[in-house]
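> So I've got this file, protein-v3.txt, and it contains compact mmCIF, C-alpha atoms and all ligand atoms:
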# COMPACT_ATOMS: atom_id res chain seq x y z
CA MET A 325 -20.69 -15.91 3.47
CA ARG A 326 -19.25 -12.73 5.03
CA GLU A 327 -20.92 -9.37 4.83
CA GLN A 328 -18.83 -6.64 3.21
CA ARG A 329 -18.61 -3.56 5.35
CA PHE A 330 -16.97 -0.27 4.50
CA GLN A 331 -16.01 2.47 6.92
CA ILE A 332 -14.17 5.80 6.67
CA VAL A 333 -12.83 7.24 9.92
CA VAL A 334 -11.36 10.75 9.87
CA LEU A 335 -9.19 11.74 12.83
CA PRO A 336 -7.43 15.02 13.69
CA ASP A 337 -3.83 14.00 13.03
CA ALA A 338 -1.33 11.20 12.40
CA GLU A 339 -0.96 10.50 16.13
CA ALA A 340 -4.69 9.90 16.46
CA VAL A 341 -4.59 7.61 13.40
CA ALA A 342 -1.78 5.56 14.98
CA ASP A 343 -3.63 5.39 18.32
CA SER A 344 -6.85 4.25 16.67
CA ALA A 345 -5.03 1.71 14.48
CA THR A 346 -3.37 0.31 17.60
CA ARG A 347 -6.67 -0.15 19.45
CA ARG A 348 -8.31 -1.74 16.42
CA THR A 349 -5.38 -4.11 15.82
CA VAL A 350 -5.45 -5.26 19.46
CA GLU A 351 -9.21 -5.85 19.25
CA VAL A 352 -8.96 -7.84 16.01
CA ALA A 353 -6.08 -9.93 17.37
CA ARG A 354 -7.90 -10.76 20.60
CA LYS A 355 -11.14 -11.59 18.78
CA ALA A 356 -9.39 -13.82 16.20
CA ILE A 357 -7.48 -15.66 18.93
CA ALA A 358 -10.67 -16.13 20.96
CA GLU A 359 -12.60 -17.42 17.94
CA ARG A 360 -10.00 -19.28 15.90
CA GLY A 361 -7.06 -19.80 18.25
CA ARG A 362 -4.67 -17.56 16.31
CA CYS A 363 -4.47 -14.31 14.34
CA VAL A 364 -2.71 -14.04 10.98
CA ILE A 365 -1.76 -10.50 10.01
CA ALA A 366 -0.14 -9.04 6.89
CA LEU A 367 1.88 -5.96 7.82
CA SER A 368 2.07 -2.93 5.61
CA GLY A 369 5.34 -1.52 4.35
CA GLY A 370 6.21 2.11 3.80
CA SER A 371 6.56 4.68 6.55
CA THR A 372 3.00 5.38 7.77
CA PRO A 373 2.60 2.21 9.93
CA ARG A 374 5.82 2.77 11.91
CA ALA A 375 3.97 4.63 14.70
CA LEU A 376 1.43 1.78 14.94
CA TYR A 377 4.18 -0.83 15.21
CA GLN A 378 5.96 1.18 17.92
CA ARG A 379 2.76 1.43 19.93
CA LEU A 380 2.06 -2.31 19.63
CA ALA A 381 5.46 -3.04 21.19
CA GLU A 382 4.99 -0.68 24.14
CA PRO A 383 3.59 -1.88 27.46
CA PRO A 384 0.79 -2.06 28.47
CA THR A 385 -0.48 -2.54 24.87
CA ARG A 386 2.14 -5.23 24.16
CA ASP A 387 0.79 -7.33 27.04
CA GLU A 388 -2.79 -7.25 25.73
CA ILE A 389 -1.89 -9.62 22.89
CA GLU A 390 -0.86 -13.26 23.18
CA TRP A 391 2.01 -12.96 20.71
CA SER A 392 2.69 -16.70 20.55
CA ARG A 393 -0.66 -16.96 18.73
CA ILE A 394 0.12 -14.25 16.17
CA HIS A 395 1.54 -15.00 12.74
CA LEU A 396 3.00 -12.08 10.80
CA PHE A 397 3.37 -11.80 7.04
CA TRP A 398 3.93 -8.71 4.89
CA GLY A 399 1.73 -7.28 2.16
CA ASP A 400 4.76 -6.47 0.06
CA GLU A 401 8.51 -6.22 0.09
CA ARG A 402 11.27 -4.40 -1.72
CA ALA A 403 13.84 -6.53 -3.56
CA VAL A 404 16.51 -5.87 -0.96
CA PRO A 405 18.21 -7.84 1.84
CA PRO A 406 16.53 -7.82 5.29
CA ASP A 407 19.03 -5.36 6.76
CA HIS A 408 18.62 -2.83 3.93
CA PRO A 409 17.25 0.63 4.86
CA GLU A 410 14.36 0.15 2.39
CA SER A 411 13.35 -3.30 3.71
CA ASN A 412 9.80 -3.44 5.03
CA TYR A 413 10.89 -6.31 7.28
CA ARG A 414 13.69 -4.20 8.71
CA MET A 415 11.31 -1.34 9.52
CA ALA A 416 8.93 -3.68 11.39
CA ARG A 417 11.81 -5.43 13.17
CA GLU A 418 13.25 -2.15 14.43
CA ALA A 419 9.86 -0.64 15.32
CA MET A 420 8.42 -3.67 17.12
CA LEU A 421 9.64 -7.22 16.43
CA ASP A 422 12.84 -6.89 18.45
CA ARG A 423 10.73 -5.96 21.48
CA LEU A 424 7.92 -8.51 21.13
CA PRO A 425 7.72 -12.02 22.63
CA ILE A 426 6.79 -13.51 19.25
CA PRO A 427 8.28 -16.89 18.28
CA PRO A 428 10.69 -16.44 15.33
CA GLY A 429 8.80 -19.22 13.50
CA ASN A 430 5.68 -17.03 13.51
CA VAL A 431 7.43 -14.25 11.57
CA HIS A 432 7.09 -15.01 7.86
CA ARG A 433 9.19 -12.49 6.01
CA VAL A 434 9.73 -12.33 2.25
CA LEU A 435 13.18 -13.76 1.48
CA ALA A 436 13.84 -10.89 -0.92
CA GLU A 437 17.58 -11.49 -0.95
CA LEU A 438 16.88 -14.58 -3.13
CA GLY A 439 15.69 -12.33 -5.95
CA PRO A 440 12.06 -11.33 -6.65
CA GLU A 441 10.87 -14.42 -8.56
CA GLU A 442 12.21 -17.03 -6.16
CA ALA A 443 11.23 -14.92 -3.15
CA ALA A 444 7.64 -14.71 -4.44
CA GLU A 445 7.44 -18.47 -5.00
CA ARG A 446 8.85 -19.29 -1.55
CA TYR A 447 6.58 -16.74 0.10
CA GLU A 448 3.50 -18.17 -1.61
CA ALA A 449 4.52 -21.66 -0.46
CA ASP A 450 4.91 -20.35 3.12
CA LEU A 451 1.45 -18.76 2.93
CA ARG A 452 -0.12 -21.97 1.64
CA GLN A 453 1.52 -24.00 4.37
CA VAL A 454 0.45 -21.71 7.25
CA PHE A 455 -3.14 -21.40 5.98
CA GLY A 456 -3.37 -24.96 4.69
CA VAL A 457 -4.75 -23.79 1.34
CA ARG A 458 -4.39 -25.79 -1.86
CA ALA A 459 -4.07 -24.65 -5.47
CA GLY A 460 -7.08 -22.54 -6.44
CA GLU A 461 -7.85 -21.56 -2.83
CA VAL A 462 -7.16 -18.14 -1.36
CA PRO A 463 -6.13 -17.61 2.30
CA GLU A 464 -8.25 -15.41 4.53
CA PHE A 465 -6.03 -13.16 6.60
CA ASP A 466 -7.57 -12.00 9.87
CA LEU A 467 -6.11 -8.56 9.22
CA ILE A 468 -4.29 -6.94 6.32
CA LEU A 469 -2.72 -3.57 7.04
CA LEU A 470 -2.26 -1.37 4.00
CA GLY A 471 -1.27 2.12 2.97
CA ILE A 472 -1.80 4.07 -0.20
CA GLY A 473 0.81 5.89 -2.25
CA ALA A 474 0.23 9.31 -3.78
CA ASP A 475 -0.01 7.46 -7.11
CA GLY A 476 -2.83 5.24 -5.81
CA HIS A 477 -0.76 2.08 -5.27
CA THR A 478 -1.44 -0.23 -2.38
CA ALA A 479 0.83 -3.07 -1.21
CA SER A 480 3.12 -3.16 -4.32
CA LEU A 481 0.25 -3.11 -6.78
CA PHE A 482 1.28 -0.03 -8.73
CA PRO A 483 -0.71 1.69 -11.50
CA HIS A 484 -0.50 -0.02 -14.88
CA THR A 485 1.62 -2.95 -13.68
CA ALA A 486 1.15 -6.60 -14.59
CA ALA A 487 0.39 -7.84 -11.07
CA LEU A 488 -2.96 -6.02 -11.11
CA ALA A 489 -4.37 -8.60 -13.50
CA VAL A 490 -3.08 -11.68 -11.67
CA ARG A 491 -5.83 -13.93 -10.31
CA ASP A 492 -4.11 -17.33 -10.16
CA ARG A 493 -1.25 -16.52 -7.78
CA LEU A 494 -1.18 -15.38 -4.15
CA VAL A 495 2.16 -13.60 -4.47
CA VAL A 496 4.04 -12.28 -7.48
CA ALA A 497 7.20 -10.41 -8.40
CA ASN A 498 5.88 -7.20 -9.91
CA ALA A 499 8.05 -5.11 -12.25
CA VAL A 500 7.44 -1.44 -11.49
CA PRO A 501 8.93 0.48 -14.45
CA GLN A 502 8.04 3.86 -12.95
CA LEU A 503 10.40 3.05 -10.04
CA GLY A 504 12.90 1.10 -12.13
CA THR A 505 12.59 -1.89 -9.79
CA THR A 506 10.69 -5.08 -9.03
CA ARG A 507 8.69 -5.59 -5.83
CA ILE A 508 7.18 -8.71 -4.29
CA THR A 509 3.48 -8.32 -3.49
CA LEU A 510 0.34 -10.11 -2.40
CA THR A 511 -2.13 -10.15 -5.27
CA ALA A 512 -5.60 -8.59 -5.44
CA PRO A 513 -7.51 -11.85 -4.62
CA VAL A 514 -5.59 -12.15 -1.33
CA LEU A 515 -6.24 -8.52 -0.34
CA GLN A 516 -9.91 -8.92 -1.24
CA ALA A 517 -10.35 -12.15 0.74
CA ALA A 518 -9.18 -10.77 4.10
CA ARG A 519 -11.61 -10.71 7.01
CA TRP A 520 -10.51 -7.17 7.76
CA VAL A 521 -8.45 -4.60 5.86
CA LEU A 522 -7.22 -1.49 7.63
CA VAL A 523 -5.82 1.25 5.38
CA LEU A 524 -3.81 4.03 7.02
CA ALA A 525 -3.24 7.32 5.21
CA THR A 526 -1.96 10.61 6.59
CA GLY A 527 -0.80 13.90 5.13
CA PRO A 528 -1.93 16.16 2.29
CA ASP A 529 0.09 14.34 -0.40
CA LYS A 530 -2.30 11.38 -0.02
CA ALA A 531 -5.51 13.41 -0.33
CA GLU A 532 -6.04 13.09 -4.06
CA ALA A 533 -5.24 9.36 -4.18
CA VAL A 534 -7.54 8.70 -1.22
CA ALA A 535 -10.40 10.56 -2.93
CA ARG A 536 -9.84 8.66 -6.18
CA ALA A 537 -9.65 5.33 -4.34
CA ILE A 538 -12.87 5.88 -2.39
CA GLU A 539 -15.02 8.11 -4.59
CA GLY A 540 -13.45 8.23 -8.05
CA THR A 541 -14.72 6.66 -11.24
CA GLU A 542 -13.58 3.06 -11.15
CA ASP A 543 -10.34 2.41 -12.99
CA VAL A 544 -8.25 -0.02 -10.94
CA ASP A 545 -5.42 0.11 -13.45
CA GLU A 546 -5.06 3.84 -12.76
CA THR A 547 -5.81 3.70 -9.01
CA PRO A 548 -5.04 0.19 -7.70
CA ALA A 549 -6.37 0.91 -4.19
CA GLN A 550 -9.86 0.86 -5.74
CA LEU A 551 -9.59 -2.94 -5.71
CA LEU A 552 -10.57 -2.73 -2.04
CA ARG A 553 -14.07 -1.75 -3.18
CA HIS A 554 -14.46 -5.43 -4.05
CA ALA A 555 -13.20 -6.78 -0.73
CA ARG A 556 -15.28 -9.52 0.93
CA GLY A 557 -14.74 -8.44 4.54
CA GLN A 558 -14.56 -5.25 6.53
CA VAL A 559 -12.58 -2.38 4.99
CA THR A 560 -11.72 0.55 7.25
CA TRP A 561 -9.93 3.65 6.00
CA LEU A 562 -8.25 5.47 8.90
CA LEU A 563 -7.37 8.97 7.71
CA ASP A 564 -6.16 12.19 9.21
CA GLY A 565 -7.88 15.43 8.21
CA ALA A 566 -5.24 16.23 5.58
CA ALA A 567 -5.51 12.85 3.82
CA ALA A 568 -9.31 13.15 3.89
CA GLY A 569 -9.16 16.71 2.55
CA ARG A 570 -10.43 15.91 -0.96
CA LEU A 571 -13.20 13.49 0.09
CA ALA A 572 -16.67 14.87 -0.60
CA SER A 573 -18.21 12.32 1.81
CA ALA A 574 -16.02 13.51 4.70
CA ARG A 575 -17.09 17.18 4.47
O1 LIG B 1 0.28 -0.58 1.30
C1 LIG B 1 1.34 -0.02 1.24
O2 LIG B 1 1.34 1.36 1.09
C2 LIG B 1 2.55 2.03 1.02
C3 LIG B 1 2.45 3.50 0.95
O3 LIG B 1 3.43 3.78 1.88
P1 LIG B 1 3.64 5.04 2.75
O4 LIG B 1 5.13 5.09 2.93
O5 LIG B 1 3.15 6.18 1.95
O6 LIG B 1 2.94 4.84 4.01
C4 LIG B 1 3.53 1.23 0.23
O7 LIG B 1 4.58 1.80 -0.39
C5 LIG B 1 3.82 0.01 1.02
O8 LIG B 1 4.91 -0.73 0.64
C6 LIG B 1 2.59 -0.77 1.15
O9 LIG B 1 2.68 -1.89 1.96
Would you kindly transcribe this structure into structure tokens?
Ligand SMILES: O=C1O[C@H](COP(=O)(O)O)[C@@H](O)[C@H](O)[C@H]1O


Amino acid sequence: MREQRFQIVVLPDAEAVADSATRRTVEVARKAIAERGRCVIALSGGSTPRALYQRLAEPPTRDEIEWSRIHLFWGDERAVPPDHPESNYRMAREAMLDRLPIPPGNVHRVLAELGPEEAAERYEADLRQVFGVRAGEVPEFDLILLGIGADGHTASLFPHTAALAVRDRLVVANAVPQLGTTRITLTAPVLQAARWVLVLATGPDKAEAVARAIEGTEDVDETPAQLLRHARGQVTWLLDGAAAGRLASAR
């Protein structure tokens, strides 16, 4: 039984958030490898984590992690090919993967070019194989990196979308009518089962969503990031001053 721990860290700016996220990721990776022989991470999409990924690939930080013992997944993916400008995989590849000594077999991207439904099924099968979990069991990531949208979404769990209610799948194709698209996303039980969740948010446009996610009246359908209140492991929100600007507890 793991103890749930919740932490809000407010830093001066986006650079400080990226620096802190880098140190914390290195620490988690080293600890997981020391204790369990490997570290399985779900990367976040969007733009905020780019600075973290770039730092992880820069020496001397890059050499502090035994990359052959790291497995990388993604929390969500756009329904686009891997070389598309909107691909979360492409962003991570350009920011860090091309410069890391990580075995290609340890990089578990969403095969979004197959179409959302098939990609979700294949990705769930990949997850089950790497974690060795059977039907009804949920994998425990060592670290899940997440962001939050101005609308309160996290991963690709958007407000008022069907994936929010899914409890019997690890990955689903989630129709997002407000964007006119479908995304592939880890489901809430997977996010909630992680040993550690690190949420990065910077900039004033995130302030209201951050406040709703952390302090607002609970309505997960309206603010999906609130599902992290029910996480089983450590949840750390790393915020810059602007993103924390509407938090009463950070004043
Ligand atoms: O968790 C996540 O959060 C972001 C929000 O992205 P950002 O561009 O505002 O940093 C989301 O869109 C992304 O796909 C996801 O993994």

> Report as JSON, numbers by chain all protein, DNA and RNA residues lying within 12 Å of Ile357 of chain A, evaluated on only C-alpha atoms, omitting residues in the same chain fewer than 2 positions from it.

{"A": [350, 351, 352, 353, 354, 355, 359, 360, 361, 362, 363, 364, 365, 388, 389, 390, 391, 392, 393, 394, 395, 466]}

> Residues near Ala436 of chain A, anyone? I mean within 8 Å using only C-alpha atoms, not counting same-chain ones fewer than 2 positions away, as a short mmCIF file (atom, residue, chain, number, x, y, z; two decimals) with C-alpha atoms, in the coordinates of the input.


data_model
loop_
_atom_site.label_atom_id
_atom_site.label_comp_id
_atom_site.auth_asym_id
_atom_site.auth_seq_id
_atom_site.Cartn_x
_atom_site.Cartn_y
_atom_site.Cartn_z
CA GLU A 401 8.51 -6.22 0.09
CA ARG A 402 11.27 -4.40 -1.72
CA ALA A 403 13.84 -6.53 -3.56
CA VAL A 404 16.51 -5.87 -0.96
CA PRO A 405 18.21 -7.84 1.84
CA PRO A 406 16.53 -7.82 5.29
CA VAL A 434 9.73 -12.33 2.25
CA LEU A 438 16.88 -14.58 -3.13
CA GLY A 439 15.69 -12.33 -5.95
CA PRO A 440 12.06 -11.33 -6.65
CA ALA A 443 11.23 -14.92 -3.15
CA ILE A 508 7.18 -8.71 -4.29
#

> With distances taken over all atoms listed in the file, which of A:His408, A:Arg423, A:Arg458, A:Lys530 is nearest to ligand LIG 1 (chain B)?

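Comparing A:His408, A:Arg423, A:Arg458, A:Lys530 against ligand LIG 1 (chain B), the winner is A:Lys530.
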
> Neighbours of segment 514-522 of chain A within 9 Å (all atoms listed in the file; same-chain residues fewer than 3 positions away dropped), as a count of residues only?

34

> All residues within 10 Å of ligand LIG 1 (chain B) are required, counting all atoms listed in the file; please report them as a ChimeraX atom specification.

/A:366-374,398-402,410-412,468-482,507-510,522-527,529-530,549

> Go ahead and compute the interatomic distance for atom CA of Leu435 of chain A and atom CA of Val496 of chain A, in Å to one decimal.

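Rounded to one decimal, the two atoms are 12.9 Å apart.
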
> Between A:Ala537, A:Tyr377, A:Leu488, A:Ala568, which has the minimum distance to Tyr413 of chain A (counting only C-alpha atoms)?

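Once distances to Tyr413 of chain A are computed over only C-alpha atoms, the minimum belongs to A:Tyr377.
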
> Using all atoms listed in the file, determine which residues lie at most 7 Å from Pro483 of chain A, disregarding the query and same-chain residues fewer than 6 positions distant; provide the list as a PyMOL selection string.

chain A and resi 477+545-548

> Can you spit out the residues from that selection as a PDB file, in the coordinates of the input, using C-alpha atoms?


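And here's again22.pdb as it stands now:
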ATOM      1  CA  HIS A 477      -0.760   2.080  -5.270  1.00  0.00           C
ATOM      2  CA  ASP A 545      -5.420   0.110 -13.450  1.00  0.00           C
ATOM      3  CA  GLU A 546      -5.060   3.840 -12.760  1.00  0.00           C
ATOM      4  CA  THR A 547      -5.810   3.700  -9.010  1.00  0.00           C
ATOM      5  CA  PRO A 548      -5.040   0.190  -7.700  1.00  0.00           C
TER       6      PRO A 548
END

> Hey, can you pull every residue with an atom no more than 6 Å from (-6.7, 13.2, 11.0), using only C-alpha atoms, and send it as a count of residues only?

8
